[in-house]
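K.L.:
Next comes the structure file upload-v9.cif, holding mmCIF, C-alpha atoms.
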data_final
#
loop_
_atom_site.label_atom_id
_atom_site.label_comp_id
_atom_site.auth_asym_id
_atom_site.auth_seq_id
_atom_site.Cartn_x
_atom_site.Cartn_y
_atom_site.Cartn_z
CA MET A 1231 137.23 97.78 80.35
CA ASN A 1232 134.23 97.20 82.60
CA ALA A 1233 130.68 97.50 81.35
CA PRO A 1234 128.91 100.61 82.66
CA ASP A 1235 127.20 99.91 85.97
CA PRO A 1236 123.41 100.35 85.56
CA PHE A 1237 123.22 101.74 89.10
CA ASP A 1238 125.83 104.47 88.65
CA ASP A 1239 123.12 107.12 88.48
CA ILE A 1240 121.67 106.18 91.87
CA ARG A 1241 125.15 105.74 93.41
CA HIS A 1242 126.06 109.23 92.22
CA ALA A 1243 122.89 110.70 93.72
CA VAL A 1244 123.50 108.92 97.04
CA ARG A 1245 127.13 110.09 97.25
CA ARG A 1246 126.13 113.70 96.60
CA ARG A 1247 124.14 113.52 99.83
CA PHE A 1248 125.86 110.96 102.04
CA GLY A 1249 129.51 111.44 101.03
CA GLY A 1250 131.93 109.71 98.68
CA ALA A 1251 132.43 106.77 101.03
CA ALA A 1252 128.76 105.75 100.95
CA ARG A 1253 128.19 102.41 99.22
CA LEU A 1254 125.25 100.57 97.66
CA GLU A 1255 125.01 96.87 98.49
CA ASN A 1256 122.50 94.05 97.99
CA ILE A 1257 120.95 95.74 94.99
CA VAL A 1258 117.68 94.18 93.79
CA VAL A 1259 115.41 95.24 90.94
CA PRO A 1260 111.91 93.93 91.74
CA THR A 1261 109.95 92.93 88.64
CA LEU A 1262 106.94 95.05 89.45
CA GLY A 1263 106.44 96.42 85.96
CA GLY A 1264 104.43 99.59 85.69
CA SER A 1265 105.84 102.81 84.35
CA ASN A 1266 108.54 103.20 87.00
CA ARG A 1267 111.99 101.78 87.55
CA THR A 1268 112.29 100.51 91.12
CA VAL A 1269 115.66 99.65 92.68
CA VAL A 1270 116.06 98.39 96.25
CA PHE A 1271 119.47 98.58 97.95
CA ASP A 1272 121.36 98.90 101.23
CA LEU A 1273 122.90 102.32 101.81
CA VAL A 1274 126.11 101.62 103.74
CA GLU A 1275 127.85 104.45 105.58
CA GLY A 1276 130.68 103.09 107.69
CA ALA A 1277 129.03 100.74 110.17
CA ALA A 1278 125.52 102.01 109.45
CA ARG A 1279 123.33 100.18 106.98
CA ARG A 1280 119.84 101.11 105.82
CA ARG A 1281 117.59 99.44 103.22
CA LEU A 1282 116.16 101.97 100.75
CA ALA A 1283 113.95 101.94 97.65
CA SER A 1284 114.47 104.22 94.65
CA ARG A 1285 111.64 104.97 92.23
CA GLN A 1286 112.34 106.68 88.91
CA GLU A 1287 109.78 107.66 86.26
CA THR A 1288 110.51 106.00 82.94
CA TYR A 1289 107.53 107.18 80.92
CA VAL A 1290 105.24 110.18 81.20
CA ALA A 1291 102.28 110.50 78.84
CA PRO A 1292 101.77 113.98 77.40
CA ASN A 1293 98.36 114.36 79.05
CA SER A 1294 99.10 112.19 82.08
CA PRO A 1295 96.51 112.42 84.86
CA PHE A 1296 99.17 111.56 87.46
CA LEU A 1297 101.05 113.87 89.82
CA PRO A 1298 104.72 114.47 89.09
CA SER A 1299 107.21 112.71 91.37
CA SER A 1300 108.19 115.96 93.07
CA ASP A 1301 104.62 116.48 94.28
CA GLN A 1302 104.32 112.84 95.37
CA PHE A 1303 107.45 113.27 97.45
CA ARG A 1304 105.99 116.35 99.16
CA LEU A 1305 102.85 114.36 99.98
CA LEU A 1306 104.92 111.55 101.48
CA GLN A 1307 106.65 114.11 103.69
CA VAL A 1308 103.33 115.51 104.92
CA ALA A 1309 101.82 112.06 105.45
CA PHE A 1310 104.92 110.79 107.25
CA ALA A 1311 104.95 113.83 109.56
CA HIS A 1312 101.37 112.96 110.54
CA ALA A 1313 102.23 109.31 111.26
CA ILE A 1314 100.28 107.95 108.28
CA PRO A 1315 101.94 104.59 107.44
CA VAL A 1316 104.09 105.43 104.39
CA PRO A 1317 107.67 104.57 103.46
CA GLU A 1318 109.80 107.25 105.12
CA PRO A 1319 110.77 109.78 102.42
CA VAL A 1320 114.58 110.16 102.24
CA PHE A 1321 115.31 112.44 99.28
CA ALA A 1322 113.92 113.45 95.89
CA PHE A 1323 116.15 113.36 92.80
CA GLU A 1324 117.34 116.70 91.47
CA ASN A 1325 118.56 117.62 87.99
CA ALA A 1326 122.20 117.37 89.10
CA ASP A 1327 121.65 113.71 90.02
CA GLY A 1328 121.06 112.66 86.42
CA CYS A 1329 118.39 110.22 87.60
CA GLY A 1330 115.42 111.88 85.95
CA HIS A 1331 112.31 112.33 88.09
CA GLY A 1332 111.82 110.22 91.18
CA PHE A 1333 112.68 109.79 94.82
CA VAL A 1334 114.19 107.50 97.43
CA THR A 1335 112.35 106.20 100.49
CA ALA A 1336 112.94 103.67 103.21
CA PHE A 1337 112.23 100.11 102.07
CA VAL A 1338 109.18 98.52 103.69
CA ALA A 1339 109.03 94.73 103.68
CA GLY A 1340 105.76 92.93 103.04
CA GLU A 1341 103.30 91.87 100.38
CA THR A 1342 101.47 93.98 97.78
CA MET A 1343 100.17 91.32 95.37
CA PRO A 1344 96.33 91.28 95.65
CA ASN A 1345 95.93 87.56 95.01
CA ARG A 1346 98.37 86.68 97.77
CA ILE A 1347 96.92 89.14 100.28
CA LEU A 1348 93.37 87.97 99.50
CA GLY A 1349 94.08 84.27 99.03
CA ASP A 1350 97.15 83.00 100.85
CA ALA A 1351 96.68 81.16 104.12
CA ALA A 1352 99.55 83.21 105.56
CA PHE A 1353 97.26 86.29 105.55
CA ALA A 1354 94.13 84.54 106.88
CA ASP A 1355 94.44 86.09 110.35
CA ILE A 1356 95.31 89.51 108.99
CA ARG A 1357 92.54 89.87 106.38
CA PRO A 1358 89.67 90.40 108.87
CA ARG A 1359 91.56 93.33 110.40
CA LEU A 1360 92.36 95.21 107.18
CA ALA A 1361 89.03 97.02 106.66
CA ALA A 1362 89.10 98.65 110.11
CA GLN A 1363 92.77 99.50 109.65
CA ALA A 1364 92.01 101.19 106.36
CA GLY A 1365 89.21 103.12 108.05
CA ARG A 1366 91.60 104.44 110.69
CA ILE A 1367 94.21 105.38 108.07
CA PHE A 1368 91.59 107.29 106.06
CA ALA A 1369 90.41 109.08 109.22
CA ALA A 1370 93.96 110.18 110.08
CA LEU A 1371 94.65 111.30 106.50
CA HIS A 1372 91.39 113.24 106.21
CA ALA A 1373 92.09 115.00 109.53
CA ILE A 1374 95.19 116.70 108.07
CA ASP A 1375 94.59 120.37 107.32
CA PRO A 1376 94.25 120.63 103.50
CA ALA A 1377 96.25 123.88 103.72
CA GLU A 1378 99.35 121.71 104.23
CA VAL A 1379 98.87 120.32 100.73
CA ALA A 1380 97.38 123.42 99.13
CA PHE A 1381 99.39 122.76 95.95
CA LEU A 1382 96.86 120.00 95.18
CA GLU A 1383 94.37 122.79 94.38
CA ARG A 1384 95.79 123.12 90.89
CA TYR A 1385 94.70 119.64 89.82
CA ALA A 1386 91.38 119.24 88.00
CA ASP A 1387 90.21 116.44 90.31
CA SER A 1388 90.40 118.84 93.26
CA ASP A 1389 88.05 121.18 91.44
CA ASP A 1390 85.28 118.82 90.37
CA PRO A 1391 85.80 115.07 90.01
CA ILE A 1392 82.99 114.55 87.45
CA THR A 1393 84.19 117.37 85.20
CA ALA A 1394 87.75 116.09 85.45
CA GLN A 1395 86.73 112.57 84.37
CA ARG A 1396 84.64 113.91 81.46
CA ALA A 1397 87.50 116.05 80.20
CA ARG A 1398 89.81 113.04 80.34
CA LEU A 1399 87.35 110.83 78.45
CA ASP A 1400 86.95 113.55 75.80
CA SER A 1401 90.71 113.76 75.33
CA TYR A 1402 90.76 110.08 74.31
CA ASP A 1403 88.02 110.68 71.70
CA GLU A 1404 86.19 107.34 71.80
CA ALA A 1405 82.39 107.06 72.23
CA HIS A 1406 81.41 105.17 75.40
CA PRO A 1407 77.64 105.29 76.02
CA ALA A 1408 78.00 103.17 79.19
CA ILE A 1409 80.52 105.56 80.74
CA GLU A 1410 78.30 108.49 79.70
CA LEU A 1411 75.37 106.86 81.52
CA GLY A 1412 77.55 106.54 84.60
CA LEU A 1413 78.67 110.17 84.42
CA ARG A 1414 75.09 111.37 83.86
CA TRP A 1415 73.86 109.34 86.83
CA LEU A 1416 76.64 110.74 89.01
CA GLU A 1417 75.73 114.26 87.92
CA ARG A 1418 72.04 113.77 88.71
CA HIS A 1419 72.72 112.21 92.11
CA ARG A 1420 75.45 114.52 93.35
CA PRO A 1421 75.75 114.43 97.15
CA PRO A 1422 75.60 117.75 98.99
CA SER A 1423 79.04 119.30 99.05
CA GLY A 1424 80.89 119.02 102.35
CA PRO A 1425 84.34 119.88 103.63
CA ARG A 1426 87.20 119.07 101.28
CA ARG A 1427 89.80 116.66 102.58
CA PHE A 1428 93.32 115.61 101.64
CA LEU A 1429 92.61 112.41 99.68
CA HIS A 1430 95.08 109.67 98.82
CA GLY A 1431 93.11 109.09 95.62
CA ASP A 1432 94.28 105.55 94.89
CA LEU A 1433 94.20 103.59 98.15
CA ARG A 1434 93.04 100.14 97.08
CA THR A 1435 94.21 96.53 97.33
CA GLY A 1436 97.53 96.34 95.49
CA ASN A 1437 98.62 99.84 96.52
CA PHE A 1438 99.53 99.10 100.12
CA ILE A 1439 102.10 96.82 101.73
CA VAL A 1440 100.79 94.20 104.13
CA GLY A 1441 103.17 93.01 106.84
CA ALA A 1442 102.76 90.88 109.94
CA GLY A 1443 100.65 93.57 111.63
CA GLY A 1444 98.45 94.42 108.65
CA ILE A 1445 98.83 97.55 106.49
CA ALA A 1446 102.48 98.58 106.90
CA ALA A 1447 102.67 101.31 104.27
CA VAL A 1448 100.42 103.10 101.81
CA LEU A 1449 102.02 103.56 98.36
CA ASP A 1450 101.24 105.25 95.03
CA TRP A 1451 100.25 108.83 95.82
CA GLU A 1452 100.13 109.96 92.18
CA CYS A 1453 96.33 110.38 92.13
CA SER A 1454 96.10 112.45 95.33
CA HIS A 1455 93.79 115.47 95.30
CA LEU A 1456 91.30 117.36 97.48
CA GLY A 1457 87.71 116.18 97.74
CA ALA A 1458 85.00 114.42 99.73
CA GLY A 1459 86.34 111.89 102.21
CA ALA A 1460 83.79 109.33 101.01
CA GLU A 1461 85.46 109.34 97.58
CA ASP A 1462 88.59 107.74 99.07
CA LEU A 1463 86.58 105.05 100.91
CA GLY A 1464 84.40 104.34 97.87
CA TRP A 1465 87.46 103.73 95.67
CA LEU A 1466 88.70 101.02 98.04
CA CYS A 1467 85.25 99.34 97.77
CA THR A 1468 84.97 99.62 93.98
CA ARG A 1469 84.14 96.19 92.56
CA SER A 1470 87.27 96.00 90.38
CA TRP A 1471 89.48 96.15 93.49
CA ARG A 1472 87.89 93.07 95.04
CA PHE A 1473 89.85 90.92 92.56
CA GLY A 1474 87.00 88.44 92.23
CA ARG A 1475 86.15 88.26 95.96
CA VAL A 1476 83.02 90.23 95.20
CA ALA A 1477 81.18 89.32 98.41
CA GLN A 1478 83.83 91.24 100.39
CA PRO A 1479 83.10 94.81 99.26
CA VAL A 1480 86.07 96.43 101.01
CA GLY A 1481 89.04 95.59 98.81
CA GLY A 1482 88.08 91.90 98.59
CA PHE A 1483 88.74 91.44 102.32
CA GLY A 1484 86.07 93.18 104.42
CA ALA A 1485 82.55 94.46 105.05
CA ARG A 1486 81.52 98.06 104.44
CA ALA A 1487 80.35 98.46 108.06
CA ASP A 1488 83.83 97.58 109.38
CA LEU A 1489 85.39 100.30 107.25
CA LEU A 1490 82.76 102.97 108.00
CA ASP A 1491 82.55 102.25 111.75
CA ALA A 1492 86.32 102.36 112.18
CA TYR A 1493 86.49 105.59 110.16
CA GLU A 1494 83.92 107.25 112.41
CA ALA A 1495 85.40 105.87 115.64
CA ALA A 1496 88.77 107.34 114.65
CA GLY A 1497 87.28 110.81 114.18
CA GLY A 1498 86.07 110.66 110.57
CA THR A 1499 82.72 112.10 109.53
CA ARG A 1500 79.87 109.56 109.54
CA ILE A 1501 79.42 108.20 106.01
CA ASP A 1502 76.31 106.18 105.21
CA VAL A 1503 76.34 103.18 102.91
CA GLU A 1504 74.43 104.98 100.16
CA ALA A 1505 77.06 107.73 100.03
CA LEU A 1506 79.73 105.05 99.83
CA ARG A 1507 77.91 103.36 96.95
CA TYR A 1508 77.79 106.64 95.04
CA TRP A 1509 81.57 106.78 95.09
CA GLU A 1510 81.84 103.09 94.17
CA ILE A 1511 79.93 103.94 90.98
CA PHE A 1512 82.23 106.91 90.49
CA GLY A 1513 85.13 104.48 90.97
CA LEU A 1514 83.90 102.20 88.19
CA VAL A 1515 83.53 105.19 85.86
CA ARG A 1516 87.02 106.39 86.74
CA TRP A 1517 88.59 102.94 86.32
CA ALA A 1518 86.86 102.46 82.96
CA ILE A 1519 88.27 105.81 81.76
CA LEU A 1520 91.77 104.85 82.95
CA ASN A 1521 91.54 101.75 80.75
CA VAL A 1522 90.36 103.85 77.80
CA MET A 1523 93.50 105.90 78.46
CA GLN A 1524 95.73 102.81 78.28
CA ALA A 1525 94.23 101.83 74.92
CA HIS A 1526 94.73 105.38 73.67
CA GLY A 1527 98.39 105.22 74.68
CA HIS A 1528 98.71 101.88 72.88
CA VAL A 1529 97.05 103.01 69.65
CA PHE A 1530 98.24 106.62 69.46
CA GLY A 1531 100.89 107.15 72.12
CA GLY A 1532 103.66 104.94 70.78
CA ARG A 1533 103.50 102.86 73.94
CA ARG A 1534 102.53 99.56 72.36
CA SER A 1535 102.19 96.41 74.45
CA MET A 1536 99.89 93.45 74.86
CA THR A 1537 99.07 94.64 78.39
CA PHE A 1538 97.78 98.01 77.22
CA ALA A 1539 95.92 96.39 74.31
CA ALA A 1540 94.19 94.09 76.81
CA CYS A 1541 93.37 97.07 79.07
CA GLY A 1542 91.52 98.70 76.19
CA ARG A 1543 89.27 95.72 75.64
CA ASN A 1544 88.83 95.15 79.38
CA THR A 1545 86.99 98.48 79.47
CA SER A 1546 83.84 96.55 78.54
CA MET A 1547 84.19 94.40 81.67
CA ILE A 1548 84.25 97.50 83.88
CA GLU A 1549 81.31 98.98 81.97
CA TYR A 1550 79.40 95.75 82.61
CA ASP A 1551 80.13 95.96 86.34
CA LEU A 1552 79.09 99.63 86.25
CA LEU A 1553 75.71 98.99 84.61
CA MET A 1554 74.97 95.95 86.78
CA THR A 1555 75.82 97.98 89.89
CA MET A 1556 73.72 100.98 88.80
CA ASP A 1557 70.89 98.53 88.13
CA GLY A 1558 71.14 97.14 91.66
CA ARG A 1559 72.02 93.63 90.42
CA TYR A 1560 75.56 93.81 91.76
CA ASP A 1561 76.32 94.86 95.33
CA MET B 672 78.70 96.11 68.52
CA SER B 673 81.18 98.90 68.31
CA GLN B 674 84.22 97.47 70.07
CA ASP B 675 86.59 99.55 72.15
CA ARG B 676 90.13 100.22 70.98
CA PRO B 677 92.23 98.56 69.76
CA THR B 678 90.79 97.10 66.53
CA LEU B 679 90.97 93.40 65.72
CA ASP B 680 93.77 94.10 63.19
CA ASP B 681 95.72 95.93 65.86
CA ILE B 682 95.27 93.11 68.39
CA LEU B 683 96.46 90.48 65.93
CA SER B 684 99.50 92.53 64.90
CA THR B 685 100.37 93.26 68.55
CA VAL B 686 100.35 89.58 69.44
CA ARG B 687 102.22 88.64 66.29
CA ALA B 688 104.93 91.24 67.09
CA PHE B 689 105.25 89.71 70.54
CA LEU B 690 105.49 86.15 69.22
CA ASP B 691 108.08 87.26 66.62
CA ALA B 692 110.17 88.91 69.32
CA SER B 693 109.93 85.98 71.72
CA SER B 694 110.81 83.37 69.11
CA ALA B 695 114.09 85.23 68.66
CA ALA B 696 114.70 85.10 72.41
CA PRO B 697 112.95 81.92 73.59
CA ASP B 698 113.80 82.49 77.26
CA GLY B 699 112.59 86.05 77.32
CA ALA B 700 108.86 85.47 77.40
CA SER B 701 107.32 85.20 80.81
CA ARG B 702 104.37 82.97 81.59
CA TYR B 703 102.23 86.07 82.07
CA GLN B 704 103.04 87.40 78.60
CA MET B 705 102.21 84.03 77.05
CA GLN B 706 98.84 83.98 78.83
CA LEU B 707 98.19 87.51 77.63
CA ALA B 708 99.00 86.53 74.04
CA SER B 709 96.55 83.65 74.26
CA TYR B 710 93.91 85.93 75.81
CA LEU B 711 94.20 88.45 73.00
CA LEU B 712 94.09 85.78 70.30
CA ALA B 713 90.92 84.33 71.84
CA ILE B 714 89.32 87.79 71.60
CA GLY B 715 90.36 87.88 67.95
CA GLU B 716 88.85 84.48 67.23
CA ARG B 717 85.50 85.35 68.83
CA GLU B 718 85.37 88.72 67.12
CA ALA B 719 86.06 87.27 63.69
CA ARG B 720 83.28 84.72 64.24
CA LEU B 721 80.59 86.84 65.92
CA ALA B 722 81.10 90.50 65.03
CA PRO B 723 79.23 90.60 61.69
CA THR B 724 75.99 89.29 63.22
CA LEU B 725 76.26 91.29 66.43
CA ASP B 726 77.13 94.51 64.60
CA ALA B 727 74.17 94.29 62.22
CA ALA B 728 71.75 93.68 65.09
CA GLU B 729 73.22 96.52 67.14
CA GLN B 730 72.99 98.97 64.27
CA ALA B 731 69.33 98.11 63.77
CA ARG B 732 68.58 98.53 67.50
CA LEU B 733 70.40 101.86 67.68
CA ALA B 734 68.79 103.26 64.55
CA ALA B 735 65.34 102.32 65.87
CA PHE B 736 66.04 103.76 69.31
CA LEU B 737 67.46 107.05 68.03
CA GLY B 738 65.05 107.33 65.09
CA THR B 739 67.87 108.05 62.67
CA ASP B 740 70.23 106.23 60.36
CA GLY B 741 74.00 106.17 60.12
CA THR B 742 77.07 104.05 60.54
CA LEU B 743 77.49 102.16 63.78
CA ALA B 744 80.22 104.60 64.86
CA ASP B 745 78.01 107.62 64.06
CA LEU B 746 75.07 106.17 65.96
CA ASN B 747 77.22 105.44 68.99
CA ARG B 748 78.58 108.99 69.05
CA ARG B 749 75.04 110.29 68.80
CA LEU B 750 73.89 108.05 71.66
CA ALA B 751 76.82 109.14 73.87
CA ALA B 752 76.16 112.82 73.13
CA ASP B 753 72.42 112.48 73.80
CA ILE B 754 73.05 110.80 77.15
CA ARG B 755 75.50 113.51 78.18
CA ALA B 756 73.17 116.34 77.16
CA GLY B 757 70.36 114.86 79.24
CA ARG B 758 68.18 114.30 76.14
CA LEU B 759 67.52 110.71 77.23
CA ASP B 760 66.82 111.38 80.91
CA ASP B 761 63.11 110.72 80.38
CA ARG B 762 63.90 107.38 78.67
CA TRP B 763 66.37 106.31 81.33
CA THR B 764 65.22 102.69 81.78
CA ASP B 765 65.12 102.02 78.05
CA THR B 766 68.49 103.69 77.56
CA MET B 767 70.00 101.56 80.33
CA ALA B 768 68.65 98.41 78.66
CA LEU B 769 69.99 99.46 75.26
CA VAL B 770 73.46 100.30 76.56
CA LEU B 771 73.57 97.10 78.62
CA SER B 772 72.84 95.10 75.45
CA GLN B 773 75.79 96.83 73.75
CA VAL B 774 78.11 96.07 76.64
CA VAL B 775 76.91 92.45 76.79
CA ASP B 776 77.79 92.18 73.08
CA LYS B 777 81.28 93.58 73.71
CA MET B 778 81.73 91.18 76.63
CA THR B 779 80.51 88.25 74.54
CA ILE B 780 83.67 88.77 72.51
CA VAL B 781 86.06 89.96 75.25
CA ARG B 782 85.17 87.97 78.38
CA PRO B 783 82.05 85.78 77.94
CA ASP B 784 82.89 83.83 81.12
CA ARG B 785 82.44 87.00 83.19
CA LEU B 786 78.85 87.57 82.10
CA ASP B 787 75.95 86.82 84.39
CA PRO B 788 74.29 83.54 83.25
CA THR B 789 71.23 85.51 82.07
CA HIS B 790 73.47 87.35 79.59
CA GLN B 791 75.43 84.41 78.22
CA ARG B 792 74.71 83.21 74.70
CA SER B 793 73.45 79.64 74.70
#
Please, can you express the file's structure as structure tokens?
P.N.:
Amino acid sequence: MNAPDPFDDIRHAVRRRFGGAARLENIVVPTLGGSNRTVVFDLVEGAARRRLASRQETYVAPNSPFLPSSDQFRLLQVAFAHAIPVPEPVFAFENADGCGHGFVTAFVAGETMPNRILGDAAFADIRPRLAAQAGRIFAALHAIDPAEVAFLERYADSDDPITAQRARLDSYDEAHPAIELGLRWLERHRPPSGPRRFLHGDLRTGNFIVGAGGIAAVLDWECSHLGAGAEDLGWLCTRSWRFGRVAQPVGGFGARADLLDAYEAAGGTRIDVEALRYWEIFGLVRWAILNVMQAHGHVFGGRRSMTFAACGRNTSMIEYDLLMTMDGRYD
Amino acid sequence: MSQDRPTLDDILSTVRAFLDASSAAPDGASRYQMQLASYLLAIGEREARLAPTLDAAEQARLAAFLGTDGTLADLNRRLAADIRAGRLDDRWTDTMALVLSQVVDKMTIVRPDRLDPTHQRS
């Protein structure tokens, strides 16, 4: 008797759509970690062969701030239709597939590891081009009519980002004076409200694939919402996402002016550096709260691991960056 | 200093559980997990050594700043609530300095190498 094949669920889902003769070959499970199961495989139909990637949710926290897979798949469809670089969405899992929640996309080859993108000699010629590329991607994304993704209205971050972060912090029930100072500062320095855009919400180094031509695909749409365009750009510049290359504010690879100029040249609204800095401070507050969340899941959520324990204590590092940035000592 | 979750006991038991599990399966532990175990134990060592002194000093600073007494946890909740309610807006600079000193204390235990030289303990 053969052992059960761990990929039977995906094979079943593929055959429901592509016929009983469809085969999976060259199956690889990348060790990416995270709270998803990723499986990469060739879908073979007769003479046709296509490399695909399946992503299945393996853990959902009760008060998760992340979009369900079904909504992420809809966003990929909208983004793909507007020629935003994303992995082409192929199909979303349904109940009858027995695969849980998730979806299948085209596989995009390239690098996502921040330290390799920011440090390896192989990317030396590509790095100087990434900030302007990101600016153009943001401009194209923010030009999409928010009515096409109106379902994002129901998420708290689309309503008011500061209120949403405060509510999240309260749900973890741990006193953080530094985060409170950040939230209070953000509240007292609110920029005038402008048009609301379709935001990616988590476009930063590590969440896009870099190929020979630069950014080949933008991943991880689970934080998408509606809001000010500058919020998206500020997140990419948030100090934590420079991975130690702090003198390169844009993702550890570029200058703010390159990002902002490319954004404007591609049709985006002019954003000044001070507005960008506001959202970098917001980014530090948001990232600190996400780490408080990981510690809460470790201590109370039955999701114990050394990684999440370390995240909890790393909150102080983000708070330090936050206070030093608010104080003007960090750029 | 009122450290963030998890507690020192929790950190030590988390790492011990990992080491127990990996000694049963010696090939199972990745380099990354071993580095993480070492990182967490180093936090534990510094906390055991420094926390009593840092905590007492922080409690005294907080009590003086807020003009009230209480446990360190109570005082921190009070400080957080006062900041949120805007009751410290007119003492912004002093509040920033106080909170920075708390965060520097936390970092002294968690990641002293990441502190600016002006904040490192000699």
K.L.:
For chain B, list the residues within 7 Å of chain A, counting all atoms listed in the file, and write the list as a ChimeraX atom specification.
P.N.:
/B:675-677,682,685-686,707,711,747-748,750-751,754-755,770-771,774,777-778,781
K.L.:
Take the PyMOL selection byres ((chain A and resi 1494-1509) around 9), apply it to the structure above, and return the hits as JSON, numbers by chain.
P.N.:
{"A": [1365, 1366, 1367, 1368, 1369, 1370, 1372, 1373, 1416, 1419, 1420, 1421, 1459, 1460, 1461, 1462, 1463, 1464, 1465, 1467, 1468, 1486, 1487, 1489, 1490, 1491, 1492, 1493, 1510, 1511, 1512, 1513, 1514, 1561]}
K.L.:
Mind writing the picked residues with C-alpha atoms as a PDB file, in the frame of the given file?
P.N.:
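Saved the output as result.pdb:
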ATOM      1  CA  GLY A1365      89.210 103.120 108.050  1.00  0.00           C
ATOM      2  CA  ARG A1366      91.600 104.440 110.690  1.00  0.00           C
ATOM      3  CA  ILE A1367      94.210 105.380 108.070  1.00  0.00           C
ATOM      4  CA  PHE A1368      91.590 107.290 106.060  1.00  0.00           C
ATOM      5  CA  ALA A1369      90.410 109.080 109.220  1.00  0.00           C
ATOM      6  CA  ALA A1370      93.960 110.180 110.080  1.00  0.00           C
ATOM      7  CA  HIS A1372      91.390 113.240 106.210  1.00  0.00           C
ATOM      8  CA  ALA A1373      92.090 115.000 109.530  1.00  0.00           C
ATOM      9  CA  LEU A1416      76.640 110.740  89.010  1.00  0.00           C
ATOM     10  CA  HIS A1419      72.720 112.210  92.110  1.00  0.00           C
ATOM     11  CA  ARG A1420      75.450 114.520  93.350  1.00  0.00           C
ATOM     12  CA  PRO A1421      75.750 114.430  97.150  1.00  0.00           C
ATOM     13  CA  GLY A1459      86.340 111.890 102.210  1.00  0.00           C
ATOM     14  CA  ALA A1460      83.790 109.330 101.010  1.00  0.00           C
ATOM     15  CA  GLU A1461      85.460 109.340  97.580  1.00  0.00           C
ATOM     16  CA  ASP A1462      88.590 107.740  99.070  1.00  0.00           C
ATOM     17  CA  LEU A1463      86.580 105.050 100.910  1.00  0.00           C
ATOM     18  CA  GLY A1464      84.400 104.340  97.870  1.00  0.00           C
ATOM     19  CA  TRP A1465      87.460 103.730  95.670  1.00  0.00           C
ATOM     20  CA  CYS A1467      85.250  99.340  97.770  1.00  0.00           C
ATOM     21  CA  THR A1468      84.970  99.620  93.980  1.00  0.00           C
ATOM     22  CA  ARG A1486      81.520  98.060 104.440  1.00  0.00           C
ATOM     23  CA  ALA A1487      80.350  98.460 108.060  1.00  0.00           C
ATOM     24  CA  LEU A1489      85.390 100.300 107.250  1.00  0.00           C
ATOM     25  CA  LEU A1490      82.760 102.970 108.000  1.00  0.00           C
ATOM     26  CA  ASP A1491      82.550 102.250 111.750  1.00  0.00           C
ATOM     27  CA  ALA A1492      86.320 102.360 112.180  1.00  0.00           C
ATOM     28  CA  TYR A1493      86.490 105.590 110.160  1.00  0.00           C
ATOM     29  CA  GLU A1510      81.840 103.090  94.170  1.00  0.00           C
ATOM     30  CA  ILE A1511      79.930 103.940  90.980  1.00  0.00           C
ATOM     31  CA  PHE A1512      82.230 106.910  90.490  1.00  0.00           C
ATOM     32  CA  GLY A1513      85.130 104.480  90.970  1.00  0.00           C
ATOM     33  CA  LEU A1514      83.900 102.200  88.190  1.00  0.00           C
ATOM     34  CA  ASP A1561      76.320  94.860  95.330  1.00  0.00           C
TER      35      ASP A1561
END
K.L.:
Name every residue that the PyMOL selection byres ((chain A and resi 1319-1324) around 8) selects in this structure, writing the answer as an mmCIF file with C-alpha atoms, in the coordinates of the input with chains first and numbers rising.
P.N.:
data_model
loop_
_atom_site.group_PDB
_atom_site.id
_atom_site.type_symbol
_atom_site.label_atom_id
_atom_site.label_comp_id
_atom_site.auth_asym_id
_atom_site.auth_seq_id
_atom_site.Cartn_x
_atom_site.Cartn_y
_atom_site.Cartn_z
ATOM 1 C CA ALA A 1243 122.890 110.700 93.720
ATOM 2 C CA SER A 1300 108.190 115.960 93.070
ATOM 3 C CA PHE A 1303 107.450 113.270 97.450
ATOM 4 C CA LEU A 1306 104.920 111.550 101.480
ATOM 5 C CA GLN A 1307 106.650 114.110 103.690
ATOM 6 C CA PHE A 1310 104.920 110.790 107.250
ATOM 7 C CA PRO A 1317 107.670 104.570 103.460
ATOM 8 C CA GLU A 1318 109.800 107.250 105.120
ATOM 9 C CA ASN A 1325 118.560 117.620 87.990
ATOM 10 C CA ALA A 1326 122.200 117.370 89.100
ATOM 11 C CA ASP A 1327 121.650 113.710 90.020
ATOM 12 C CA GLY A 1328 121.060 112.660 86.420
ATOM 13 C CA CYS A 1329 118.390 110.220 87.600
ATOM 14 C CA GLY A 1330 115.420 111.880 85.950
ATOM 15 C CA HIS A 1331 112.310 112.330 88.090
ATOM 16 C CA GLY A 1332 111.820 110.220 91.180
ATOM 17 C CA PHE A 1333 112.680 109.790 94.820
ATOM 18 C CA VAL A 1334 114.190 107.500 97.430
ATOM 19 C CA THR A 1335 112.350 106.200 100.490
ATOM 20 C CA ALA A 1336 112.940 103.670 103.210
#
K.L.:
Report the residues retrieved by the PyMOL selection byres ((chain B and resi 721-725) around 10) from the displayed file, expressed as a list of chain:residue names.
P.N.:
B:Met672, B:Ser673, B:Gln674, B:Glu716, B:Arg717, B:Glu718, B:Ala719, B:Arg720, B:Asp726, B:Ala727, B:Ala728, B:Glu729, B:Gln730, B:Gln773, B:Asp776, B:Lys777, B:Thr779, B:Ile780
K.L.:
Rounded to one decimal, what separation in Å do you get between CA of Gln1286 (chain A) and CA of Gly1431 (chain A)?
P.N.:
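If I compute the distance from CA of Gln1286 (chain A) to CA of Gly1431 (chain A), I get 20.5 Å.
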K.L.:
Select, from B:Leu737, B:Leu683, B:Met705, B:Leu712, the residue with the minimum atom-to-atom distance to Ala752 (chain B), counting only C-alpha atoms.
P.N.:
B:Leu737
